[in-house]
file structure17.tsv (TSV, C-alpha atoms)
chain	number	residue	atom	x	y	z
R	1	MET	CA	14.02	5.09	-14.61
R	2	PRO	CA	10.83	4.08	-16.41
R	3	SER	CA	8.02	6.51	-15.62
R	4	PRO	CA	4.55	5.13	-14.91
R	5	ASP	CA	1.81	6.68	-17.01
R	6	PRO	CA	-0.73	8.17	-14.57
R	7	SER	CA	-3.56	7.57	-17.05
R	8	PRO	CA	-2.83	4.35	-18.94
R	9	PRO	CA	-5.56	3.24	-21.38
R	10	LEU	CA	-7.51	0.37	-19.92
R	11	SER	CA	-10.44	-1.65	-21.06
R	12	LEU	CA	-13.54	-2.07	-18.95
R	13	ALA	CA	-12.75	-5.78	-19.09
R	14	ALA	CA	-11.96	-5.79	-15.37
R	15	VAL	CA	-14.69	-8.22	-14.32
R	16	ALA	CA	-16.00	-8.82	-10.84
R	17	LEU	CA	-15.58	-12.48	-9.97
R	18	LEU	CA	-16.94	-12.92	-6.49
R	19	THR	CA	-18.67	-10.93	-3.79
R	20	VAL	CA	-18.70	-12.22	-0.24
R	21	VAL	CA	-20.87	-10.51	2.33
R	22	LEU	CA	-19.17	-11.11	5.65
R	23	THR	CA	-21.81	-9.51	7.83
R	24	ALA	CA	-25.14	-7.78	7.45
R	25	GLN	CA	-26.00	-6.18	10.74
R	26	PRO	CA	-28.32	-4.38	10.13
R	27	VAL	CA	-29.50	-5.35	6.66
R	28	HIS	CA	-28.49	-1.98	5.16
R	29	ALA	CA	-24.92	-2.03	6.53
R	30	ARG	CA	-22.53	-4.69	5.36
R	31	LEU	CA	-18.85	-5.09	4.73
R	32	GLN	CA	-18.38	-6.54	1.28
R	33	GLU	CA	-15.38	-8.32	-0.15
R	34	SER	CA	-15.11	-8.70	-3.91
R	35	GLN	CA	-12.46	-9.65	-6.44
R	36	ILE	CA	-11.69	-8.18	-9.83
R	37	ASP	CA	-9.10	-8.95	-12.46
R	38	VAL	CA	-7.40	-5.78	-13.70
R	39	PRO	CA	-5.31	-5.84	-16.91
R	40	VAL	CA	-2.03	-4.00	-16.29
R	41	GLU	CA	0.96	-3.11	-18.42
R	42	VAL	CA	4.32	-2.45	-16.80
R	43	VAL	CA	7.96	-1.95	-17.78
R	44	ASP	CA	10.68	-3.91	-15.96
R	45	GLY	CA	14.21	-2.77	-15.20
R	46	TYR	CA	15.43	-3.88	-18.63
R	47	GLY	CA	12.81	-1.97	-20.64
R	48	LYS	CA	10.67	-5.04	-21.33
R	49	ARG	CA	6.93	-4.42	-21.46
R	50	ILE	CA	4.82	-6.96	-19.59
R	51	ALA	CA	1.03	-7.10	-19.91
R	52	GLN	CA	-1.16	-9.40	-17.83
R	53	PRO	CA	-4.13	-9.30	-15.45
R	54	ILE	CA	-3.64	-9.05	-11.70
R	55	ARG	CA	-6.13	-9.98	-9.00
R	56	VAL	CA	-7.45	-7.18	-6.81
R	57	THR	CA	-9.44	-7.57	-3.59
R	58	VAL	CA	-11.95	-4.76	-3.10
R	59	TRP	CA	-13.55	-3.91	0.25
R	60	SER	CA	-16.58	-1.65	0.60
R	61	ASP	CA	-19.62	-0.98	2.76
R	62	ASP	CA	-22.96	-0.06	1.26
R	63	ALA	CA	-23.80	1.97	4.38
R	64	ASN	CA	-21.09	4.53	3.58
R	65	PRO	CA	-21.93	7.82	1.86
R	66	THR	CA	-21.29	7.91	-1.88
R	67	PRO	CA	-19.42	8.71	-3.97
R	68	ALA	CA	-16.81	7.16	-1.66
R	69	PRO	CA	-13.11	8.00	-1.81
R	70	VAL	CA	-10.85	5.20	-3.02
R	71	MET	CA	-7.77	3.84	-1.26
R	72	VAL	CA	-5.28	1.56	-2.99
R	73	LEU	CA	-3.44	-0.41	-0.30
R	74	GLY	CA	-0.18	-2.10	-1.31
R	75	HIS	CA	1.31	-5.25	0.21
R	76	GLY	CA	4.96	-5.97	1.02
R	77	ARG	CA	7.60	-8.21	-0.52
R	78	SER	CA	9.06	-11.34	1.02
R	79	ALA	CA	12.75	-12.04	0.61
R	80	GLN	CA	11.88	-15.67	-0.23
R	81	PRO	CA	10.60	-16.53	-3.74
R	82	GLU	CA	8.46	-19.36	-2.39
R	83	LYS	CA	6.65	-16.97	-0.06
R	84	ARG	CA	6.00	-14.50	-2.86
R	85	ALA	CA	4.57	-17.30	-5.00
R	86	GLY	CA	2.60	-18.61	-2.03
R	87	LEU	CA	1.04	-15.28	-1.11
R	88	GLY	CA	-2.28	-16.38	-2.58
R	89	ARG	CA	-4.57	-13.37	-2.84
R	90	ALA	CA	-3.57	-10.23	-0.95
R	91	ARG	CA	-6.47	-9.20	1.27
R	92	LEU	CA	-5.19	-7.15	4.25
R	93	SER	CA	-8.68	-7.63	5.60
R	94	LYS	CA	-8.39	-6.28	9.13
R	95	GLU	CA	-6.38	-3.28	8.02
R	96	SER	CA	-8.81	-2.58	5.18
R	97	ALA	CA	-11.80	-2.74	7.54
R	98	PHE	CA	-10.44	0.26	9.44
R	99	PHE	CA	-10.39	2.35	6.28
R	100	VAL	CA	-13.78	1.12	5.11
R	101	ARG	CA	-15.20	2.31	8.44
R	102	ARG	CA	-13.72	5.69	7.57
R	103	GLY	CA	-15.72	5.77	4.34
R	104	PHE	CA	-13.25	4.39	1.79
R	105	ILE	CA	-13.56	1.80	-0.92
R	106	VAL	CA	-10.29	-0.11	-0.43
R	107	ALA	CA	-8.52	-1.94	-3.28
R	108	VAL	CA	-5.71	-4.39	-2.42
R	109	PRO	CA	-3.82	-5.52	-5.55
R	110	THR	CA	-1.84	-8.75	-5.71
R	111	ARG	CA	0.96	-7.37	-7.86
R	112	VAL	CA	2.68	-9.03	-10.83
R	113	GLY	CA	4.98	-11.79	-9.59
R	114	TYR	CA	2.94	-12.69	-6.50
R	115	GLY	CA	0.39	-15.32	-5.54
R	116	VAL	CA	-2.67	-15.74	-7.72
R	117	SER	CA	-1.54	-13.00	-10.12
R	118	GLY	CA	1.69	-14.82	-10.99
R	119	GLY	CA	4.08	-13.65	-13.67
R	120	GLU	CA	7.69	-12.53	-13.71
R	121	ASP	CA	9.46	-11.06	-10.70
R	122	ILE	CA	9.63	-7.53	-12.07
R	123	GLU	CA	10.53	-6.11	-8.63
R	124	ASN	CA	13.86	-7.95	-8.42
R	125	SER	CA	16.42	-5.24	-7.70
R	126	GLY	CA	19.52	-7.41	-8.07
R	127	PRO	CA	22.17	-8.62	-5.60
R	128	CYS	CA	22.83	-6.76	-2.36
R	129	GLN	CA	26.08	-5.18	-3.56
R	130	SER	CA	24.55	-3.77	-6.76
R	131	LYS	CA	20.93	-2.87	-6.16
R	132	ARG	CA	18.74	-1.09	-8.72
R	133	TYR	CA	15.62	-0.15	-6.78
R	134	SER	CA	13.83	2.43	-8.91
R	135	PRO	CA	12.53	0.20	-11.76
R	136	GLY	CA	10.73	-2.13	-9.36
R	137	TYR	CA	8.97	0.71	-7.59
R	138	ALA	CA	8.10	2.29	-10.93
R	139	ALA	CA	6.44	-0.97	-12.02
R	140	ALA	CA	4.54	-1.21	-8.73
R	141	ALA	CA	3.40	2.41	-9.12
R	142	GLN	CA	2.17	1.68	-12.66
R	143	GLN	CA	0.00	-1.14	-11.33
R	144	THR	CA	-1.31	1.01	-8.48
R	145	LEU	CA	-2.49	3.74	-10.84
R	146	GLN	CA	-4.09	1.29	-13.25
R	147	VAL	CA	-5.98	-0.35	-10.39
R	148	LEU	CA	-7.11	3.06	-9.16
R	149	GLN	CA	-8.40	3.93	-12.64
R	150	VAL	CA	-10.51	0.77	-12.79
R	151	VAL	CA	-11.93	1.01	-9.26
R	152	ARG	CA	-12.94	4.62	-9.93
R	153	GLN	CA	-15.30	3.31	-12.60
R	154	ARG	CA	-17.58	1.90	-9.91
R	155	PRO	CA	-20.79	3.92	-9.66
R	156	ASP	CA	-20.28	4.35	-5.90
R	157	ALA	CA	-16.66	5.55	-6.19
R	158	ALA	CA	-15.42	9.14	-6.27
R	159	LYS	CA	-13.56	9.99	-9.46
R	160	ASP	CA	-11.41	12.68	-7.88
R	161	LYS	CA	-10.71	11.66	-4.25
R	162	ALA	CA	-8.14	8.99	-3.45
R	163	VAL	CA	-5.35	7.99	-1.07
R	164	VAL	CA	-2.52	5.60	-1.88
R	165	MET	CA	-1.08	3.66	1.04
R	166	GLY	CA	1.21	0.70	1.44
R	167	GLN	CA	3.26	-1.33	3.87
R	168	SER	CA	6.96	-2.15	3.37
R	169	TYR	CA	7.54	-2.41	-0.42
R	170	GLY	CA	4.02	-1.05	-0.82
R	171	GLY	CA	4.92	1.92	1.40
R	172	ALA	CA	7.79	3.04	-0.80
R	173	THR	CA	5.50	2.47	-3.79
R	174	ALA	CA	3.02	4.95	-2.31
R	175	ILE	CA	5.73	7.61	-2.29
R	176	ALA	CA	6.65	6.70	-5.87
R	177	VAL	CA	3.01	7.22	-6.86
R	178	GLY	CA	2.80	10.57	-5.09
R	179	ALA	CA	5.91	11.77	-6.91
R	180	LEU	CA	4.03	11.35	-10.21
R	181	GLN	CA	1.41	13.88	-9.08
R	182	PRO	CA	-1.51	11.79	-10.37
R	183	ALA	CA	-4.81	13.60	-10.73
R	184	GLY	CA	-7.27	13.03	-7.93
R	185	VAL	CA	-4.80	11.58	-5.40
R	186	GLN	CA	-4.77	13.89	-2.39
R	187	ALA	CA	-2.47	12.04	0.03
R	188	VAL	CA	-0.09	9.10	0.34
R	189	ILE	CA	0.90	7.00	3.36
R	190	ASN	CA	4.19	5.12	3.59
R	191	PHE	CA	4.17	2.47	6.30
R	192	ALA	CA	7.67	1.04	6.95
R	193	GLY	CA	8.61	1.56	3.31
R	194	GLY	CA	11.97	0.70	1.82
R	195	GLY	CA	13.86	-2.22	0.35
R	196	GLY	CA	16.78	-4.56	0.67
R	197	GLY	CA	16.07	-5.75	4.20
R	198	ASN	CA	16.30	-9.26	5.61
R	199	PRO	CA	15.93	-9.74	9.38
R	200	GLU	CA	17.41	-13.22	9.26
R	201	THR	CA	20.68	-12.43	7.48
R	202	GLN	CA	21.21	-8.71	8.21
R	203	PRO	CA	18.76	-7.38	10.81
R	204	GLY	CA	18.37	-3.61	10.63
R	205	ARG	CA	20.88	-3.30	7.77
R	206	PRO	CA	19.12	-3.04	4.39
R	207	CYS	CA	21.21	-3.38	1.25
R	208	ALA	CA	22.43	-0.17	-0.40
R	209	PRO	CA	20.57	2.28	1.88
R	210	GLN	CA	22.31	5.21	0.16
R	211	GLN	CA	20.63	4.26	-3.11
R	212	LEU	CA	17.27	4.36	-1.35
R	213	GLU	CA	18.16	7.76	0.07
R	214	GLN	CA	18.88	9.05	-3.42
R	215	MET	CA	15.66	7.50	-4.73
R	216	PHE	CA	13.54	9.13	-2.03
R	217	ALA	CA	15.26	12.46	-2.75
R	218	ARG	CA	14.20	12.16	-6.40
R	219	TYR	CA	10.64	11.48	-5.27
R	220	GLY	CA	10.82	14.52	-2.98
R	221	ALA	CA	11.67	16.76	-5.91
R	222	THR	CA	8.15	16.33	-7.31
R	223	LEU	CA	5.90	15.11	-4.47
R	224	ARG	CA	3.78	18.03	-3.28
R	225	ILE	CA	0.71	16.37	-1.80
R	226	PRO	CA	0.63	15.48	1.92
R	227	SER	CA	2.53	12.32	2.81
R	228	LEU	CA	2.80	10.42	6.07
R	229	TRP	CA	5.80	8.17	6.85
R	230	VAL	CA	5.35	5.68	9.70
R	231	TYR	CA	8.21	3.58	11.10
R	232	THR	CA	9.26	1.86	14.31
R	233	GLU	CA	12.66	2.00	16.01
R	234	ASN	CA	13.09	-1.79	16.07
R	235	ASP	CA	12.26	-2.40	12.41
R	236	LEU	CA	14.46	-5.41	11.59
R	237	TYR	CA	14.15	-4.76	7.85
R	238	MET	CA	14.87	-1.03	7.63
R	239	GLY	CA	16.63	-0.29	10.92
R	240	ALA	CA	16.19	2.74	13.18
R	241	THR	CA	18.35	5.38	11.44
R	242	HIS	CA	17.96	4.76	7.70
R	243	PRO	CA	14.27	5.76	7.51
R	244	ARG	CA	15.09	9.10	9.14
R	245	GLU	CA	17.88	9.68	6.63
R	246	TRP	CA	15.57	8.78	3.74
R	247	PHE	CA	12.91	11.18	4.97
R	248	ALA	CA	15.47	13.95	5.54
R	249	ALA	CA	16.68	13.58	1.94
R	250	PHE	CA	13.08	13.59	0.72
R	251	ARG	CA	12.32	16.81	2.61
R	252	ALA	CA	15.59	18.48	1.58
R	253	ALA	CA	14.60	17.92	-2.05
R	254	GLY	CA	11.29	19.70	-1.44
R	255	GLY	CA	9.00	16.79	-0.56
R	256	THR	CA	5.93	17.44	1.56
R	257	GLY	CA	5.57	15.05	4.46
R	258	GLU	CA	5.31	14.12	8.12
R	259	PHE	CA	7.46	11.49	9.84
R	260	ILE	CA	6.46	9.29	12.78
R	261	GLN	CA	8.77	6.76	14.41
R	262	PHE	CA	7.26	4.69	17.19
R	263	PRO	CA	9.37	3.27	20.03
R	264	PRO	CA	10.34	-0.41	19.82
R	265	HIS	CA	7.31	-2.66	19.65
R	266	GLY	CA	7.28	-6.45	19.78
R	267	GLU	CA	10.11	-8.54	18.40
R	268	ASP	CA	10.08	-6.68	15.06
R	269	GLY	CA	8.53	-3.25	14.61
R	270	HIS	CA	8.26	-3.88	10.87
R	271	LEU	CA	5.17	-5.94	11.66
R	272	VAL	CA	3.31	-3.22	13.58
R	273	PHE	CA	0.95	-2.53	10.67
R	274	SER	CA	-0.68	-5.93	11.00
R	275	ARG	CA	0.01	-6.72	14.66
R	276	ALA	CA	-0.54	-3.45	16.53
R	277	PRO	CA	-3.32	-1.43	14.88
R	278	GLN	CA	-4.06	0.30	18.18
R	279	LEU	CA	-0.65	1.95	17.90
R	280	TRP	CA	-0.96	3.51	14.45
R	281	GLN	CA	-4.66	3.93	13.78
R	282	PRO	CA	-5.11	7.14	15.85
R	283	ARG	CA	-2.16	8.82	14.10
R	284	VAL	CA	-3.30	7.79	10.64
R	285	ALA	CA	-6.87	8.86	11.43
R	286	ASP	CA	-5.60	12.30	12.47
R	287	PHE	CA	-3.63	12.62	9.23
R	288	LEU	CA	-6.68	11.71	7.16
R	289	ASP	CA	-8.89	14.10	9.13
R	290	ARG	CA	-6.49	16.99	8.48
R	291	ASN	CA	-6.16	16.28	4.78
R	292	GLY	CA	-9.73	16.10	3.57
R	293	PHE	CA	-10.77	12.56	4.51
R	294	PRO	CA	-12.83	12.75	7.71
R	295	ALA	CA	-14.70	9.66	8.83
R	296	PRO	CA	-18.42	9.66	7.96
R	297	ALA	CA	-20.65	11.12	10.65
R	298	PRO	CA	-22.63	8.45	12.51
R	299	SER	CA	-25.84	9.87	11.07
R	300	ALA	CA	-24.53	9.23	7.56
R	301	ARG	CA	-24.30	5.49	8.15
R	302	ALA	CA	-26.95	2.91	8.89
R	303	PRO	CA	-27.45	2.80	12.69
R	304	ALA	CA	-25.22	0.57	14.80
R	305	ALA	CA	-23.44	-0.97	11.84
R	306	GLN	CA	-21.12	-3.71	13.01
R	307	LEU	CA	-18.27	-4.47	10.63
R	308	GLN	CA	-16.83	-7.86	11.50
R	309	LEU	CA	-14.34	-10.01	9.65
R	310	GLU	CA	-13.43	-13.64	9.53
R	311	LYS	CA	-11.30	-14.66	12.51
R	312	THR	CA	-8.79	-16.50	10.35
R	313	VAL	CA	-6.96	-14.47	7.74
R	314	PRO	CA	-4.14	-15.90	5.58
R	315	ALA	CA	-0.77	-14.60	6.79
R	316	GLN	CA	1.17	-12.29	4.50
R	317	ASP	CA	4.93	-11.83	4.70
R	318	ASN	CA	5.79	-8.19	4.19
R	319	GLY	CA	9.56	-8.45	4.10
R	320	GLU	CA	12.02	-7.20	1.54
R	321	ASP	CA	14.71	-8.78	-0.58
call {"tool": "encode", "arguments": {"input": "structure17.tsv", "output": "structure tokens"}}
result
Amino acid sequence: MPSPDPSPPLSLAAVALLTVVLTAQPVHARLQESQIDVPVEVVDGYGKRIAQPIRVTVWSDDANPTPAPVMVLGHGRSAQPEKRAGLGRARLSKESAFFVRRGFIVAVPTRVGYGVSGGEDIENSGPCQSKRYSPGYAAAAQQTLQVLQVVRQRPDAAKDKAVVMGQSYGGATAIAVGALQPAGVQAVINFAGGGGGNPETQPGRPCAPQQLEQMFARYGATLRIPSLWVYTENDLYMGATHPREWFAAFRAAGGTGEFIQFPPHGEDGHLVFSRAPQLWQPRVADFLDRNGFPAPAPSARAPAAQLQLEKTVPAQDNGED
């Protein structure tokens, strides 16, 4: 499969377009939302090189200690082309706010083929009976690393401390990134990661799960940083048993990781990341604490900082095709 370059050459032409201060309470503590365009170059499953800019939402708080660690947070993939095109700009605002409170600068890319970034569907893995998953995840990993390189150029960002995390397609992408052993990435978090699922046509039965098992085993052969895998028993995209089999293959190949599977939650556990933060946040916080990313001490932040977000956030479909 095509291998992402962990240090692709990029221009400093990534330009900040907009900064929105959502709250300033007190004046020295504020959650900031900005946008940048990052030029990326990827290789699709047919060896074609594609170069274009993608839009990245960046969340930060000027009350946090600096240099701040960077998190790249990846979105999912809808099974419907119209939903991928209609994604708009990926923000993951409420989820990002949790990590900003823990001291991170959070970058949320809108990958090639989605929303405002547009472009070809380079993550298309083919029909259900003949899936080719690896090239799509390789392309997503390429974009993740190029975004990380650009965000690290901020004067308030750490150059050598980062976490890669994602939900659904973005979750499997986080494992793909970790398998590349990129410099300065200390941990990865896979939230409900996988592919080939569709709760409407085949609930709990993703296409070609054995191929995903083999793919995760290949990632396990080289991933040596801490990884956290978070799933739910009633995930209508990935099912209850496949994620355990994928993780077992990953570990058998030598991968370093921890696996959490929550009991059934809501009508579809695949949506827990956005709909039930109270369920996963304590477990993720513990993982970060144990792996070198403790939350800033209260004394390190401006007093009584209140990080609040807009009440209405555009919905994002995190399904798989």
call {"tool": "closest_residue", "arguments": {"input": "structure17.tsv", "among": "R:Ala240, R:Leu271, R:Ala79, R:Ala90", "to": "R:Ser125", "atoms": "only C-alpha atoms"}}
result
R:Ala79
call {"tool": "residues_around", "arguments": {"input": "structure17.tsv", "residues": "R:Thr201", "least_positions_apart": "3", "cutoff": "12 Å", "atoms": "all atoms listed in the file", "output": "list in words"}}
result
Ala79, Cys128, Gly196, Gly197, Asn198, Gly204, Arg205, Pro206, Cys207, Leu236, Tyr237, Glu320 and Asp321 of chain R
call {"tool": "atom_distance", "arguments": {"input": "structure17.tsv", "atom1": "atom CA of R:Lys48", "atom2": "atom CA of R:Val185"}}
result
27.7 Å
call {"tool": "residues_around", "arguments": {"input": "structure17.tsv", "residues": "R:Phe216", "least_positions_apart": "5", "cutoff": "7 Å", "atoms": "only C-alpha atoms", "output": "number ranges by chain"}}
result
R: 246, 249-250
call {"tool": "residues_near_point", "arguments": {"input": "structure17.tsv", "point": "(7.1, 6.5, 17.8)", "cutoff": "12 Å", "atoms": "all atoms listed in the file", "output": "list of chain:residue names"}}
result
R:Trp229, R:Val230, R:Tyr231, R:Thr232, R:Glu233, R:Asn234, R:Asp235, R:Ala240, R:Phe259, R:Ile260, R:Gln261, R:Phe262, R:Pro263, R:Pro264, R:His265, R:Gly269, R:Val272, R:Leu279, R:Trp280, R:Arg283
call {"tool": "atom_distance", "arguments": {"input": "structure17.tsv", "atom1": "atom CA of R:Gln80", "atom2": "atom CA of R:Ile36"}}
result
26.5 Å
call {"tool": "closest_residue", "arguments": {"input": "structure17.tsv", "among": "R:Pro294, R:Pro277, R:Gly178, R:Pro65", "to": "R:Ile105", "atoms": "only C-alpha atoms"}}
result
R:Pro65
call {"tool": "atom_distance", "arguments": {"input": "structure17.tsv", "atom1": "atom CA of R:Arg218", "atom2": "atom CA of R:Asn291"}}
result
23.6 Å
call {"tool": "closest_residue", "arguments": {"input": "structure17.tsv", "among": "R:Ser78, R:Gln214, R:Gln52, R:Ser130", "to": "R:Glu245", "atoms": "only C-alpha atoms"}}
result
R:Gln214
call {"tool": "residues_around", "arguments": {"input": "structure17.tsv", "residues": "R:Arg49", "least_positions_apart": "4", "cutoff": "12 Å", "atoms": "all atoms listed in the file", "output": "PDB file with C-alpha atoms, in the frame of the given file"}}
result
ATOM      1  CA  PRO R   2      10.830   4.080 -16.410  1.00  0.00           C
ATOM      2  CA  PRO R   4       4.550   5.130 -14.910  1.00  0.00           C
ATOM      3  CA  VAL R  40      -2.030  -4.000 -16.290  1.00  0.00           C
ATOM      4  CA  GLU R  41       0.960  -3.110 -18.420  1.00  0.00           C
ATOM      5  CA  VAL R  42       4.320  -2.450 -16.800  1.00  0.00           C
ATOM      6  CA  VAL R  43       7.960  -1.950 -17.780  1.00  0.00           C
ATOM      7  CA  ASP R  44      10.680  -3.910 -15.960  1.00  0.00           C
ATOM      8  CA  GLY R  45      14.210  -2.770 -15.200  1.00  0.00           C
ATOM      9  CA  GLU R 120       7.690 -12.530 -13.710  1.00  0.00           C
ATOM     10  CA  ILE R 122       9.630  -7.530 -12.070  1.00  0.00           C
ATOM     11  CA  ALA R 139       6.440  -0.970 -12.020  1.00  0.00           C
ATOM     12  CA  GLN R 142       2.170   1.680 -12.660  1.00  0.00           C
TER      13      GLN R 142
END
call {"tool": "build_atoms", "arguments": {"input": "structure17.tsv", "residues": "stretch 217-230 of chain R", "atoms": "N, CA and C atoms", "output": "PDB file, keeping the file's coordinate frame"}}
result
ATOM      1  N   ALA R 217      14.998  11.049  -2.425  1.00  0.00           N
ATOM      2  CA  ALA R 217      15.260  12.460  -2.750  1.00  0.00           C
ATOM      3  C   ALA R 217      14.668  12.807  -4.111  1.00  0.00           C
ATOM      4  N   ARG R 218      14.808  11.910  -5.079  1.00  0.00           N
ATOM      5  CA  ARG R 218      14.200  12.160  -6.400  1.00  0.00           C
ATOM      6  C   ARG R 218      12.686  12.264  -6.284  1.00  0.00           C
ATOM      7  N   TYR R 219      12.094  11.397  -5.468  1.00  0.00           N
ATOM      8  CA  TYR R 219      10.640  11.480  -5.270  1.00  0.00           C
ATOM      9  C   TYR R 219      10.276  12.818  -4.612  1.00  0.00           C
ATOM     10  N   GLY R 220      11.108  13.267  -3.667  1.00  0.00           N
ATOM     11  CA  GLY R 220      10.820  14.520  -2.980  1.00  0.00           C
ATOM     12  C   GLY R 220      10.854  15.729  -3.892  1.00  0.00           C
ATOM     13  N   ALA R 221      11.573  15.629  -4.987  1.00  0.00           N
ATOM     14  CA  ALA R 221      11.670  16.760  -5.910  1.00  0.00           C
ATOM     15  C   ALA R 221      10.345  17.065  -6.592  1.00  0.00           C
ATOM     16  N   THR R 222       9.427  16.106  -6.617  1.00  0.00           N
ATOM     17  CA  THR R 222       8.150  16.330  -7.310  1.00  0.00           C
ATOM     18  C   THR R 222       6.918  16.048  -6.448  1.00  0.00           C
ATOM     19  N   LEU R 223       7.076  15.442  -5.280  1.00  0.00           N
ATOM     20  CA  LEU R 223       5.900  15.110  -4.470  1.00  0.00           C
ATOM     21  C   LEU R 223       5.471  16.341  -3.669  1.00  0.00           C
ATOM     22  N   ARG R 224       4.265  16.817  -3.941  1.00  0.00           N
ATOM     23  CA  ARG R 224       3.780  18.030  -3.280  1.00  0.00           C
ATOM     24  C   ARG R 224       2.449  17.819  -2.560  1.00  0.00           C
ATOM     25  N   ILE R 225       1.909  16.637  -2.584  1.00  0.00           N
ATOM     26  CA  ILE R 225       0.710  16.370  -1.800  1.00  0.00           C
ATOM     27  C   ILE R 225       1.127  15.886  -0.400  1.00  0.00           C
ATOM     28  N   PRO R 226       0.253  15.933   0.588  1.00  0.00           N
ATOM     29  CA  PRO R 226       0.630  15.480   1.920  1.00  0.00           C
ATOM     30  C   PRO R 226       1.038  13.997   1.922  1.00  0.00           C
ATOM     31  N   SER R 227       2.106  13.707   2.640  1.00  0.00           N
ATOM     32  CA  SER R 227       2.530  12.320   2.810  1.00  0.00           C
ATOM     33  C   SER R 227       2.807  12.065   4.281  1.00  0.00           C
ATOM     34  N   LEU R 228       2.534  10.843   4.700  1.00  0.00           N
ATOM     35  CA  LEU R 228       2.800  10.420   6.070  1.00  0.00           C
ATOM     36  C   LEU R 228       3.720   9.208   6.020  1.00  0.00           C
ATOM     37  N   TRP R 229       4.820   9.256   6.781  1.00  0.00           N
ATOM     38  CA  TRP R 229       5.800   8.170   6.850  1.00  0.00           C
ATOM     39  C   TRP R 229       5.754   7.610   8.262  1.00  0.00           C
ATOM     40  N   VAL R 230       5.512   6.307   8.382  1.00  0.00           N
ATOM     41  CA  VAL R 230       5.350   5.680   9.700  1.00  0.00           C
ATOM     42  C   VAL R 230       6.345   4.526   9.831  1.00  0.00           C
TER      43      VAL R 230
END
